[in-house]
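Peer 1: This one is data-v3.cif, mmCIF, C-alpha atoms.
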```cif
data_start
#
loop_
_atom_site.label_atom_id
_atom_site.label_comp_id
_atom_site.auth_asym_id
_atom_site.auth_seq_id
_atom_site.Cartn_x
_atom_site.Cartn_y
_atom_site.Cartn_z
CA MET A 23 42.10 -37.68 32.43
CA SER A 24 42.13 -39.54 35.73
CA ALA A 25 38.95 -41.06 37.07
CA LEU A 26 36.97 -39.18 39.67
CA PRO A 27 36.48 -40.77 43.09
CA GLY A 28 33.94 -43.57 42.88
CA SER A 29 30.44 -43.38 44.31
CA PRO A 30 29.98 -44.97 47.75
CA LEU A 31 26.73 -46.53 46.54
CA ALA A 32 28.46 -48.04 43.50
CA ALA A 33 31.06 -49.61 45.78
CA SER A 34 28.31 -50.93 48.04
CA VAL A 35 26.46 -52.42 45.06
CA ARG A 36 29.61 -54.16 43.87
CA GLU A 37 30.03 -55.74 47.28
CA ALA A 38 26.34 -56.61 47.76
CA VAL A 39 26.10 -58.57 44.49
CA ALA A 40 29.70 -59.87 44.36
CA PHE A 41 30.16 -58.05 41.07
CA GLU A 42 32.38 -59.67 38.42
CA PRO A 43 33.12 -57.51 35.36
CA LEU A 44 32.91 -59.08 31.93
CA GLY A 45 35.68 -57.58 29.84
CA ASP A 46 37.16 -54.12 30.13
CA ALA A 47 35.20 -50.97 30.85
CA ILE A 48 33.94 -49.09 27.79
CA GLY A 49 34.25 -45.40 28.53
CA ASN A 50 32.08 -44.74 31.57
CA LEU A 51 30.33 -48.14 31.43
CA THR A 52 31.25 -51.47 33.01
CA VAL A 53 29.01 -54.51 32.60
CA GLY A 54 29.20 -57.83 34.36
CA ARG A 55 27.42 -60.36 36.49
CA GLY A 56 26.63 -60.85 40.13
CA THR A 57 24.48 -62.87 42.52
CA LEU A 58 21.93 -62.03 45.18
CA GLU A 59 20.85 -64.81 47.53
CA GLY A 60 22.13 -67.33 45.03
CA ARG A 61 20.24 -65.82 42.08
CA PRO A 62 22.31 -64.67 39.08
CA LEU A 63 22.11 -61.02 38.04
CA HIS A 64 23.21 -58.87 35.15
CA VAL A 65 24.88 -55.66 36.33
CA ALA A 66 25.66 -52.41 34.49
CA LEU A 67 27.59 -49.58 36.13
CA ALA A 68 27.59 -46.17 34.43
CA GLU A 69 30.06 -44.15 36.48
CA ASN A 70 31.49 -40.65 36.42
CA ARG A 71 34.97 -41.31 35.10
CA THR A 72 35.07 -38.63 32.40
CA ALA A 73 32.69 -36.04 30.92
CA SER A 74 30.33 -36.24 33.91
CA GLY A 75 29.71 -39.92 33.26
CA SER A 76 28.00 -39.21 29.94
CA LEU A 77 27.14 -42.08 27.59
CA GLY A 78 28.44 -42.01 24.04
CA ALA A 79 27.73 -44.37 21.17
CA ARG A 80 30.06 -47.12 22.42
CA GLU A 81 28.55 -47.19 25.91
CA SER A 82 25.01 -47.03 24.51
CA HIS A 83 25.55 -49.97 22.14
CA LYS A 84 27.01 -52.10 24.95
CA LEU A 85 24.20 -51.29 27.38
CA ALA A 86 21.56 -51.88 24.68
CA ALA A 87 22.95 -55.38 24.13
CA LEU A 88 22.67 -56.09 27.86
CA PHE A 89 19.07 -54.83 27.97
CA ARG A 90 18.19 -57.15 25.09
CA ILE A 91 19.69 -60.14 26.89
CA ALA A 92 17.63 -59.29 29.99
CA ALA A 93 14.49 -58.96 27.84
CA ARG A 94 15.08 -62.27 26.09
CA GLU A 95 15.84 -64.16 29.30
CA ARG A 96 13.50 -62.10 31.52
CA SER A 97 16.48 -62.01 33.85
CA SER A 98 17.28 -59.52 36.61
CA LEU A 99 19.32 -56.42 35.79
CA VAL A 100 20.87 -54.05 38.31
CA LEU A 101 21.59 -50.62 36.79
CA PHE A 102 23.78 -48.05 38.55
CA LEU A 103 23.75 -44.56 37.04
CA ASP A 104 26.04 -41.63 37.83
CA SER A 105 25.71 -39.90 34.49
CA ALA A 106 24.79 -36.61 32.86
CA GLY A 107 23.06 -38.51 30.01
CA ALA A 108 24.01 -38.71 26.34
CA LYS A 109 27.49 -37.47 25.43
CA VAL A 110 26.69 -34.11 23.85
CA SER A 111 30.18 -33.77 22.35
CA GLU A 112 29.43 -36.74 20.05
CA GLY A 113 26.42 -34.96 18.57
CA LEU A 114 24.03 -36.99 16.44
CA GLY A 115 26.07 -40.18 16.91
CA ALA A 116 25.21 -40.17 20.60
CA LEU A 117 21.55 -39.33 19.90
CA GLY A 118 21.09 -42.14 17.38
CA ALA A 119 22.78 -44.64 19.69
CA PHE A 120 20.61 -43.49 22.57
CA ARG A 121 17.48 -44.03 20.46
CA ASP A 122 18.52 -47.67 20.01
CA LEU A 123 19.51 -47.97 23.69
CA TYR A 124 16.17 -46.66 24.88
CA ARG A 125 14.22 -49.01 22.65
CA ALA A 126 16.20 -51.91 24.11
CA GLY A 127 15.43 -50.57 27.59
CA LEU A 128 11.71 -50.43 26.80
CA GLU A 129 11.85 -54.01 25.52
CA ALA A 130 13.44 -55.13 28.79
CA SER A 131 10.96 -53.18 30.91
CA PHE A 132 7.91 -54.50 29.05
CA SER A 133 9.25 -58.07 29.02
CA GLY A 134 8.72 -58.21 32.77
CA ALA A 135 12.44 -58.60 33.47
CA PRO A 136 13.14 -57.43 37.04
CA LEU A 137 14.99 -54.11 36.82
CA ALA A 138 16.46 -52.04 39.66
CA ALA A 139 18.03 -48.58 39.31
CA LEU A 140 20.47 -47.13 41.82
CA LEU A 141 21.74 -43.59 41.41
CA GLY A 142 24.98 -41.76 42.05
CA LYS A 143 25.46 -38.01 42.29
CA ASN A 144 24.27 -37.01 38.82
CA CYS A 145 21.33 -38.43 36.90
CA TYR A 146 20.38 -35.97 34.16
CA GLY A 147 18.66 -36.14 30.78
CA GLY A 148 18.82 -39.55 29.15
CA ALA A 149 20.27 -41.10 32.32
CA SER A 150 17.20 -40.01 34.28
CA MET A 151 15.06 -41.60 31.56
CA LEU A 152 16.99 -44.87 31.90
CA ALA A 153 16.43 -44.77 35.67
CA HIS A 154 12.67 -44.61 35.12
CA LEU A 155 12.64 -47.82 33.08
CA ALA A 156 12.82 -49.53 36.47
CA PRO A 157 9.77 -49.50 38.76
CA GLN A 158 11.94 -48.59 41.80
CA ARG A 159 14.88 -46.23 42.26
CA LEU A 160 17.38 -45.90 45.12
CA PHE A 161 18.95 -42.44 45.43
CA SER A 162 22.29 -41.64 47.00
CA PRO A 163 21.95 -38.89 49.64
CA GLY A 164 23.44 -36.37 47.19
CA THR A 165 21.73 -37.49 43.96
CA GLN A 166 20.39 -34.84 41.59
CA LEU A 167 17.83 -36.24 39.14
CA ALA A 168 16.32 -34.09 36.41
CA MET A 169 15.85 -33.80 32.65
CA SER A 170 18.02 -30.66 32.78
CA GLY A 171 21.07 -30.09 34.94
CA PRO A 172 21.60 -26.90 37.00
CA SER A 173 23.53 -25.10 34.23
CA ILE A 174 20.72 -25.59 31.69
CA LEU A 175 18.05 -24.67 34.26
CA ALA A 176 19.98 -21.48 35.02
CA ALA A 177 20.37 -20.60 31.33
CA ALA A 178 16.64 -21.17 30.71
CA ALA A 179 15.81 -18.86 33.61
CA GLY A 180 18.21 -16.18 32.42
CA MET A 181 20.38 -16.67 35.51
CA SER A 182 24.05 -17.36 36.00
CA ALA A 183 24.93 -20.97 36.71
CA ILE A 184 27.04 -19.77 39.63
CA ASP A 185 24.29 -17.66 41.21
CA GLU A 186 24.15 -19.15 44.72
CA MET A 187 20.49 -18.42 45.37
CA PHE A 188 19.28 -19.94 42.10
CA ARG A 189 21.55 -22.96 42.45
CA ALA A 190 20.16 -23.59 45.94
CA MET A 191 16.61 -23.45 44.58
CA ALA A 192 17.45 -25.78 41.71
CA GLU A 193 19.26 -28.29 43.89
CA ALA A 194 16.34 -28.36 46.35
CA ALA A 195 13.88 -29.00 43.49
CA ILE A 196 15.83 -31.99 42.14
CA SER A 197 17.10 -33.41 45.43
CA PRO A 198 16.51 -36.96 46.75
CA ALA A 199 14.13 -35.62 49.40
CA SER A 200 12.06 -33.88 46.74
CA ARG A 201 11.99 -36.97 44.52
CA ALA A 202 11.08 -39.30 47.42
CA LYS A 203 8.23 -36.97 48.35
CA ALA A 204 6.95 -37.00 44.76
CA SER A 205 6.81 -40.80 44.41
CA SER A 206 6.82 -43.82 46.70
CA ALA A 207 8.90 -45.56 44.00
CA ASN A 208 11.86 -43.37 45.02
CA SER A 209 13.91 -44.17 48.14
CA VAL A 210 17.04 -42.64 49.66
CA TRP A 211 19.91 -44.92 50.59
CA ASP A 212 20.97 -45.18 54.21
CA GLU A 213 24.75 -45.22 53.89
CA LYS A 214 25.02 -47.31 57.07
CA ALA A 215 23.19 -50.23 55.47
CA PRO A 216 24.09 -52.27 52.37
CA PRO A 217 21.54 -52.06 49.54
CA SER A 218 20.88 -55.83 49.63
CA ALA A 219 17.46 -55.61 51.26
CA TRP A 220 16.34 -52.91 48.83
CA LEU A 221 17.56 -54.98 45.89
CA ARG A 222 15.71 -58.08 47.11
CA ALA A 223 12.46 -56.12 47.33
CA SER A 224 12.96 -54.39 43.97
CA LEU A 225 14.03 -57.41 41.90
CA THR A 226 10.73 -59.26 42.12
CA PRO A 227 8.93 -60.80 39.13
CA ARG A 228 6.64 -58.27 37.46
CA GLY A 229 3.06 -58.76 36.33
CA ASP A 230 1.17 -56.82 33.66
CA VAL A 231 3.69 -54.07 32.90
CA ALA A 232 1.37 -52.23 30.51
CA ALA A 233 -1.36 -52.02 33.16
CA THR A 234 1.16 -50.82 35.73
CA THR A 235 2.53 -48.11 33.43
CA ARG A 236 -0.98 -46.95 32.59
CA ALA A 237 -1.74 -46.65 36.31
CA ARG A 238 1.46 -44.60 36.69
CA HIS A 239 0.25 -42.35 33.88
CA GLU A 240 -3.08 -41.76 35.62
CA ALA A 241 -1.31 -40.97 38.90
CA LEU A 242 0.83 -38.32 37.20
CA GLN A 243 -2.26 -36.22 36.53
CA LEU A 244 -2.45 -35.38 40.24
CA ARG A 245 0.85 -33.51 39.98
CA ILE A 246 -0.44 -31.20 37.24
CA ALA A 247 -3.96 -30.73 38.60
CA GLY A 248 -5.22 -27.26 37.78
CA ALA A 249 -2.92 -26.72 34.81
CA PRO A 250 -4.80 -24.59 32.23
CA GLU A 251 -5.82 -26.19 28.96
CA ARG A 252 -7.30 -24.65 25.83
CA ALA A 253 -10.24 -26.26 24.11
CA ALA A 254 -9.24 -28.36 21.11
CA GLU A 255 -9.69 -26.66 17.75
CA SER A 256 -9.61 -28.04 14.22
CA VAL A 257 -6.32 -27.27 12.46
CA ARG A 258 -5.19 -26.97 8.85
CA ARG A 259 -1.49 -27.28 8.10
CA ARG A 260 0.37 -27.20 4.79
CA ASP A 261 2.51 -30.19 5.75
CA LEU A 262 -0.56 -32.28 6.60
CA GLU A 263 -2.18 -31.25 3.32
CA LYS A 264 0.85 -32.70 1.53
CA MET A 265 1.01 -35.88 3.62
CA TYR A 266 -2.67 -36.89 3.65
CA GLN A 267 -5.43 -37.18 1.08
CA ALA A 268 -7.83 -36.22 3.88
CA TYR A 269 -7.41 -35.59 7.60
CA ASP A 270 -9.32 -34.47 10.67
CA VAL A 271 -6.93 -33.22 13.35
CA ARG A 272 -7.59 -31.06 16.38
CA GLU A 273 -5.03 -29.17 18.42
CA SER A 274 -4.96 -28.07 22.06
CA ASP A 275 -1.90 -26.34 23.52
CA GLY A 276 0.34 -27.82 20.85
CA ILE A 277 -0.94 -31.39 21.21
CA LEU A 278 -2.45 -32.90 18.06
CA ALA A 279 -4.98 -35.73 17.91
CA GLY A 280 -7.10 -37.07 15.08
CA SER A 281 -6.89 -39.25 11.99
CA GLY A 282 -5.95 -39.08 8.33
CA THR A 283 -6.01 -41.05 5.10
CA ARG A 284 -2.69 -41.75 3.39
CA ASP A 285 -2.18 -44.04 0.39
CA GLY A 286 -5.81 -45.04 0.70
CA ALA A 287 -5.46 -46.28 4.30
CA GLU A 288 -6.64 -44.56 7.46
CA GLU A 289 -4.30 -44.02 10.37
CA ALA A 290 -4.56 -42.41 13.79
CA ILE A 291 -2.57 -39.21 14.34
CA VAL A 292 -1.07 -37.73 17.49
CA GLY A 293 1.59 -35.08 17.73
CA ILE A 294 3.51 -32.32 19.47
CA VAL A 295 3.98 -29.01 17.70
CA GLY A 296 4.78 -25.41 18.59
CA LYS A 297 7.77 -23.30 19.50
CA SER A 298 7.39 -23.79 23.27
CA PRO A 299 9.59 -26.45 24.88
CA LEU A 300 7.64 -29.44 26.17
CA GLY A 301 6.66 -29.23 29.81
CA ALA A 302 4.94 -31.73 32.09
CA PRO A 303 1.29 -30.78 31.38
CA ARG A 304 1.68 -31.06 27.59
CA ALA A 305 3.65 -34.29 27.89
CA TRP A 306 0.86 -35.79 30.00
CA ARG A 307 -1.78 -34.72 27.47
CA PHE A 308 0.21 -36.32 24.66
CA SER A 309 0.43 -39.59 26.59
CA GLU A 310 -3.28 -39.44 27.37
CA SER A 311 -4.07 -39.13 23.66
CA VAL A 312 -2.02 -42.28 23.03
CA TRP A 313 -3.40 -44.29 25.95
CA ARG A 314 -6.93 -43.64 24.66
CA HIS A 315 -6.08 -45.80 21.64
CA CYS A 316 -4.87 -48.78 23.68
CA ASP A 317 -8.34 -50.22 24.34
CA ALA A 318 -9.07 -50.39 20.60
CA PRO A 319 -5.64 -50.25 18.92
CA PRO A 320 -5.57 -48.84 15.38
CA LYS A 321 -3.55 -50.60 12.68
CA ARG A 322 -1.34 -47.54 12.30
CA LEU A 323 -0.49 -44.54 14.44
CA GLU A 324 1.62 -41.67 13.11
CA VAL A 325 3.33 -39.37 15.60
CA LEU A 326 4.02 -35.87 14.26
CA LEU A 327 6.77 -33.87 15.93
CA ASP A 328 7.90 -30.27 15.68
CA CYS A 329 9.24 -29.45 19.15
CA ALA A 330 12.91 -28.73 19.69
CA THR A 331 13.30 -29.87 23.28
CA HIS A 332 11.85 -30.33 26.74
CA ALA A 333 11.30 -27.39 29.06
CA GLY A 334 14.14 -26.25 31.28
CA ARG A 335 11.87 -24.76 33.94
CA LEU A 336 12.09 -25.35 37.67
CA ASP A 337 8.30 -25.70 37.89
CA ASP A 338 8.46 -28.71 35.56
CA GLU A 339 11.38 -30.25 37.41
CA LYS A 340 9.53 -29.93 40.71
CA VAL A 341 6.93 -32.41 39.45
CA VAL A 342 9.69 -34.69 38.02
CA LEU A 343 9.54 -33.86 34.30
CA THR A 344 11.43 -37.08 33.51
CA GLU A 345 8.43 -39.18 34.53
CA PHE A 346 6.20 -37.32 32.07
CA ILE A 347 8.72 -37.67 29.25
CA VAL A 348 9.14 -41.39 29.93
CA ASP A 349 5.36 -41.77 30.14
CA MET A 350 5.14 -40.78 26.46
CA ALA A 351 7.52 -43.62 25.52
CA PHE A 352 5.64 -46.10 27.71
CA ALA A 353 2.30 -45.21 26.12
CA LEU A 354 3.62 -45.60 22.57
CA PHE A 355 5.44 -48.84 23.35
CA ALA A 356 2.32 -50.28 25.02
CA LEU A 357 0.30 -49.45 21.92
CA ALA A 358 2.94 -51.00 19.64
CA ALA A 359 2.90 -54.14 21.82
CA ARG A 360 -0.83 -54.42 21.02
CA GLY A 361 -0.03 -54.65 17.32
CA THR A 362 -0.17 -51.02 16.18
CA HIS A 363 2.44 -49.91 13.65
CA VAL A 364 3.87 -46.77 15.28
CA GLY A 365 5.71 -44.31 13.04
CA LEU A 366 7.27 -40.93 13.78
CA THR A 367 7.47 -38.05 11.31
CA ILE A 368 9.62 -35.07 12.26
CA LEU A 369 8.06 -32.02 10.66
CA GLY A 370 10.50 -29.40 11.92
CA LYS A 371 12.71 -29.25 15.01
CA SER A 372 13.45 -32.14 17.35
CA GLY A 373 16.07 -33.34 19.78
CA GLY A 374 17.00 -34.52 23.24
CA GLY A 375 14.67 -36.44 25.51
CA VAL A 376 11.54 -35.55 23.53
CA TYR A 377 13.05 -37.08 20.40
CA VAL A 378 14.23 -40.21 22.24
CA ALA A 379 10.89 -40.79 23.98
CA LEU A 380 9.00 -40.70 20.66
CA ALA A 381 11.62 -42.26 18.34
CA ALA A 382 12.54 -45.25 20.50
CA PRO A 383 9.08 -46.92 20.36
CA ALA A 384 8.64 -46.10 16.65
CA ARG A 385 9.21 -48.76 14.03
CA ARG A 386 10.24 -46.07 11.54
CA VAL A 387 11.39 -42.44 11.87
CA THR A 388 10.81 -40.16 8.88
CA SER A 389 12.18 -36.63 8.64
CA VAL A 390 10.68 -34.03 6.35
CA TYR A 391 13.21 -32.36 4.05
CA GLY A 392 14.71 -29.46 6.01
CA ALA A 393 13.95 -30.95 9.45
CA ASP A 394 16.39 -29.95 12.18
CA ILE A 395 17.34 -32.78 14.55
CA GLN A 396 19.99 -32.09 17.17
CA VAL A 397 21.20 -33.85 20.30
CA LEU A 398 20.21 -30.65 22.17
CA PRO A 399 19.35 -27.09 21.08
CA GLY A 400 22.31 -24.79 20.53
CA SER A 401 21.70 -22.85 23.75
CA ALA A 402 21.76 -26.05 25.82
CA VAL A 403 24.93 -27.25 24.06
CA ALA A 404 26.53 -23.90 24.78
CA ALA A 405 25.58 -24.19 28.46
CA ILE A 406 27.27 -27.62 28.63
CA LEU A 407 30.24 -27.33 26.26
CA GLY A 408 30.69 -23.59 26.02
CA GLU A 409 30.07 -23.64 22.26
CA SER A 410 26.95 -23.51 20.10
CA ARG A 411 26.04 -25.76 17.18
CA GLU A 412 23.25 -24.02 15.34
CA SER A 413 23.46 -25.44 11.80
CA ALA A 414 21.04 -28.21 10.85
CA PRO A 415 22.72 -31.38 9.50
CA GLY A 416 21.51 -33.01 6.30
CA PHE A 417 19.63 -36.28 5.92
CA ASP A 418 22.80 -38.22 5.07
CA GLN A 419 24.03 -37.53 8.60
CA TYR A 420 20.64 -38.40 10.07
CA LYS A 421 20.59 -41.76 8.33
CA GLN A 422 24.23 -42.55 9.05
CA THR A 423 23.81 -41.90 12.78
CA GLY A 424 20.43 -43.65 13.03
CA VAL A 425 18.30 -40.67 14.04
CA SER A 426 16.12 -40.88 10.90
CA ASP A 427 15.38 -43.83 8.64
CA GLN A 428 13.93 -42.05 5.63
CA GLU A 429 13.26 -38.57 4.26
CA ILE A 430 10.22 -37.17 2.50
CA LYS A 431 9.99 -33.97 0.50
CA LEU A 432 6.67 -32.18 0.73
CA GLY A 433 7.43 -29.34 -1.67
CA ILE A 434 7.40 -26.79 1.14
CA ALA A 435 10.40 -24.52 1.62
CA PRO A 436 11.96 -25.27 5.02
CA THR A 437 12.00 -22.45 7.56
CA THR A 438 15.34 -20.85 8.36
CA LYS A 439 14.28 -19.38 11.65
#
```
Take the structure from the file and write it as structure tokens.

Peer 2:
Amino acid sequence: MSALPGSPLAASVREAVAFEPLGDAIGNLTVGRGTLEGRPLHVALAENRTASGSLGARESHKLAALFRIAARERSSLVLFLDSAGAKVSEGLGALGAFRDLYRAGLEASFSGAPLAALLGKNCYGGASMLAHLAPQRLFSPGTQLAMSGPSILAAAAGMSAIDEMFRAMAEAAISPASRAKASSANSVWDEKAPPSAWLRASLTPRGDVAATTRARHEALQLRIAGAPERAAESVRRRDLEKMYQAYDVRESDGILAGSGTRDGAEEAIVGIVGKSPLGAPRAWRFSESVWRHCDAPPKRLEVLLDCATHAGRLDDEKVVLTEFIVDMAFALFALAARGTHVGLTILGKSGGGVYVALAAPARRVTSVYGADIQVLPGSAVAAILGESRESAPGFDQYKQTGVSDQEIKLGIAPTTK
């Protein structure tokens, strides 16, 4: 397949930093070096050559290595993204590689390395999460940034992806103007000017990253002000009975918080459960439950997950759902940086951005026997590829692809629904 026409912003970035590629392109990714006012830069260009610029295992491994160099050196990294996210056609291989990639990205972000993200036409799913590792983003005039692309948003709303009225509504919700209005960290590129000045301002040394990300978390609450919330109630679950000798966990709108005793040691517990896809209000409440631990970090924190995916609703995209998903990863990584051993146990269904945000900061991912981990739910895969993949893989595949590190059997028959 021949490459699609390149992005004008990508071409302008190449010129502005005197980009020199290092080796051949790997799929949709080219990495190299550049300079800005005499300062050396690392550069990564994820471009729409094939499959909407999606990132498979090879691209993810290469980009993860570059993030780790930037973290170790605390060196500047310019990231251009014109990508639909993880390569769905690669299934669990892409998901496991993206878990590793996102952890490397978090390491670079929290190291204080100057990061700048510039965006092409498409920036969906995992690509939108990568963009939010940087404190500033520069949008092309036609950029669409969202956790879910228009086809998935249409499928979730029960609409046709070619319905002109719905597509216009979706494109307005995820447009550069909408994103710039939502956050001062988002700017729209003036095509008449090179991005040099924006890059100079964005690639400045960073201070206390954890404090900055916590402030961003607090600011997000303004976007969901007035969202209803049920009072927390004590819960009893068969899986928790099997995992813990004793536990005290409360649940509110599918968000768990509490503590438990396992193998004679106490650990803090947070979690996301329920059949409803994760929207912005619930994601914020999860992050809040994690941030509360940062002032007095526990020795161990176990994240419990039984949530198949993020919400594909326009209302969530209007408030930039990506920022709320990324906020969960930031909160967990900040807690881990304070010395807490963060683990993730997948109790049931999991996948996509929700999985990546919780698995990337975790030192260990455990899946309960019968857990169903997929790159995306079958309906979303069908909307993208035109085919559905409903069957749940076994643990051997999970371990081989890096989406789960160990399996536990609780003696509970897995659900088939």

Peer 1: What is the CA of Lys421 (chain A) to CA of Ala393 (chain A) distance in Å?

Peer 2: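 Between these atoms lies a distance of 12.7 Å.
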
Peer 1: Distance CA of Pro172 (chain A)-CA of Ala190 (chain A), one decimal place?

Peer 2: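 Pair CA of Pro172 (chain A) / CA of Ala190 (chain A) returns 9.6 Å.
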
Peer 1: For the PyMOL selection byres ((chain A and resi 266) around 8), applied here, can you spell out every residue it catches as a list in words?

Peer 2: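 Here the PyMOL selection byres ((chain A and resi 266) around 8) matches Leu262, Glu263, Lys264, Met265, Gln267, Ala268, Tyr269, Gly282, Thr283, Arg284 and Asp285 of chain A.
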
Peer 1: Ranking A:Val342, A:Leu432, A:Ile368, A:Leu88 by minimum distance to Pro198 (chain A) and counting all atoms listed in the file, which one comes first?

Peer 2: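 Of the candidates, the smallest distance to Pro198 (chain A) is held by A:Val342.
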
Peer 1: Of the residues A:Ile430, A:Ala73, A:Leu114, A:Ala106, which is the one nearest to Pro415 (chain A), using only C-alpha atoms?

Peer 2: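 Among the listed residues, the smallest separation from Pro415 (chain A) belongs to A:Leu114.
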
Peer 1: Apply the PyMOL selection byres ((chain A and resi 245-255) around 8) to the file shown and report the selected residues as a list in words.

Peer 2: Ala241, Leu242, Gln243, Leu244, Ser256, Val257, Arg272, Glu273, Ser274, Asp275, Ala302, Pro303 and Val341 of chain A

Peer 1: Separation of CA of Thr72 (chain A) and CA of Leu101 (chain A), in Å?

Peer 2: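 So the two atoms, CA of Thr72 (chain A) and CA of Leu101 (chain A), lie 18.6 Å apart.
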
Peer 1: Using all atoms listed in the file, which residues sit within 7 Å of region 138-145 of chain A once same-chain residues fewer than 3 positions away are excluded, as a list in words?

Peer 2: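 In the requested format, the answer is Ser29, Leu31, Leu99, Val100, Leu101, Phe102, Leu103, Asp104, Ser105, Ala106, Ala149, Ser150, Ala153, Ala156, Gln158, Arg159, Leu160, Phe161, Ser162, Gly164, Thr165, Gln166, Leu167, Ala168, Leu221, Ser224 and Leu225 of chain A.
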
Peer 1: Distance cut-off 6 Å, centre (6.5, -41.2, 13.7) in file coordinates, counting all atoms listed in the file: which residues qualify? Return them as JSON, numbers by chain.

Peer 2: {"A": [324, 325, 326, 365, 366, 367, 387]}

Peer 1: Counting only C-alpha atoms, which residue out of A:Leu336, A:Gly301, A:Leu343, A:Ile91 sits closest to Ala177 (chain A)?

Peer 2: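 With only C-alpha atoms as the atom set, the closest residue is A:Leu336.
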
Peer 1: With all atoms listed in the file as the atoms that count, which of A:Ala79, A:Val348, A:Ala130, A:Leu175 lies nearest to Thr423 (chain A)?

Peer 2: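 Among the listed residues, the smallest separation from Thr423 (chain A) belongs to A:Ala79.
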
Peer 1: Could N, CA and C atoms be built for region 219-236 of chain A and written out as an mmCIF file, in the coordinates of the input?

Peer 2:
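Written output follows (out35.cif):
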```cif
data_model
loop_
_atom_site.group_PDB
_atom_site.id
_atom_site.type_symbol
_atom_site.label_atom_id
_atom_site.label_comp_id
_atom_site.auth_asym_id
_atom_site.auth_seq_id
_atom_site.Cartn_x
_atom_site.Cartn_y
_atom_site.Cartn_z
ATOM 1 N N ALA A 219 18.887 -55.465 50.973
ATOM 2 C CA ALA A 219 17.460 -55.610 51.260
ATOM 3 C C ALA A 219 16.620 -54.869 50.223
ATOM 4 N N TRP A 220 17.068 -53.673 49.848
ATOM 5 C CA TRP A 220 16.340 -52.910 48.830
ATOM 6 C C TRP A 220 16.347 -53.652 47.501
ATOM 7 N N LEU A 221 17.467 -54.234 47.143
ATOM 8 C CA LEU A 221 17.560 -54.980 45.890
ATOM 9 C C LEU A 221 16.639 -56.197 45.906
ATOM 10 N N ARG A 222 16.596 -56.913 47.017
ATOM 11 C CA ARG A 222 15.710 -58.080 47.110
ATOM 12 C C ARG A 222 14.262 -57.672 46.870
ATOM 13 N N ALA A 223 13.847 -56.565 47.473
ATOM 14 C CA ALA A 223 12.460 -56.120 47.330
ATOM 15 C C ALA A 223 12.173 -55.606 45.921
ATOM 16 N N SER A 224 13.174 -55.007 45.287
ATOM 17 C CA SER A 224 12.960 -54.390 43.970
ATOM 18 C C SER A 224 13.005 -55.410 42.838
ATOM 19 N N LEU A 225 13.837 -56.439 42.986
ATOM 20 C CA LEU A 225 14.030 -57.410 41.900
ATOM 21 C C LEU A 225 13.047 -58.569 42.040
ATOM 22 N N THR A 226 11.775 -58.245 42.053
ATOM 23 C CA THR A 226 10.730 -59.260 42.120
ATOM 24 C C THR A 226 10.102 -59.418 40.747
ATOM 25 N N PRO A 227 9.599 -60.611 40.426
ATOM 26 C CA PRO A 227 8.930 -60.800 39.130
ATOM 27 C C PRO A 227 7.799 -59.797 38.958
ATOM 28 N N ARG A 228 7.622 -59.316 37.728
ATOM 29 C CA ARG A 228 6.640 -58.270 37.460
ATOM 30 C C ARG A 228 5.465 -58.827 36.685
ATOM 31 N N GLY A 229 4.277 -58.305 36.988
ATOM 32 C CA GLY A 229 3.060 -58.760 36.330
ATOM 33 C C GLY A 229 2.797 -58.036 35.037
ATOM 34 N N ASP A 230 1.589 -57.515 34.880
ATOM 35 C CA ASP A 230 1.170 -56.820 33.660
ATOM 36 C C ASP A 230 1.823 -55.437 33.635
ATOM 37 N N VAL A 231 2.936 -55.322 32.903
ATOM 38 C CA VAL A 231 3.690 -54.070 32.900
ATOM 39 C C VAL A 231 2.890 -52.951 32.251
ATOM 40 N N ALA A 232 2.154 -53.260 31.175
ATOM 41 C CA ALA A 232 1.370 -52.230 30.510
ATOM 42 C C ALA A 232 0.313 -51.647 31.441
ATOM 43 N N ALA A 233 -0.348 -52.504 32.221
ATOM 44 C CA ALA A 233 -1.360 -52.020 33.160
ATOM 45 C C ALA A 233 -0.715 -51.165 34.249
ATOM 46 N N THR A 234 0.458 -51.585 34.695
ATOM 47 C CA THR A 234 1.160 -50.820 35.730
ATOM 48 C C THR A 234 1.573 -49.448 35.215
ATOM 49 N N THR A 235 2.096 -49.397 33.978
ATOM 50 C CA THR A 235 2.530 -48.110 33.430
ATOM 51 C C THR A 235 1.338 -47.198 33.161
ATOM 52 N N ARG A 236 0.207 -47.784 32.793
ATOM 53 C CA ARG A 236 -0.980 -46.950 32.590
ATOM 54 C C ARG A 236 -1.450 -46.370 33.919
#
```
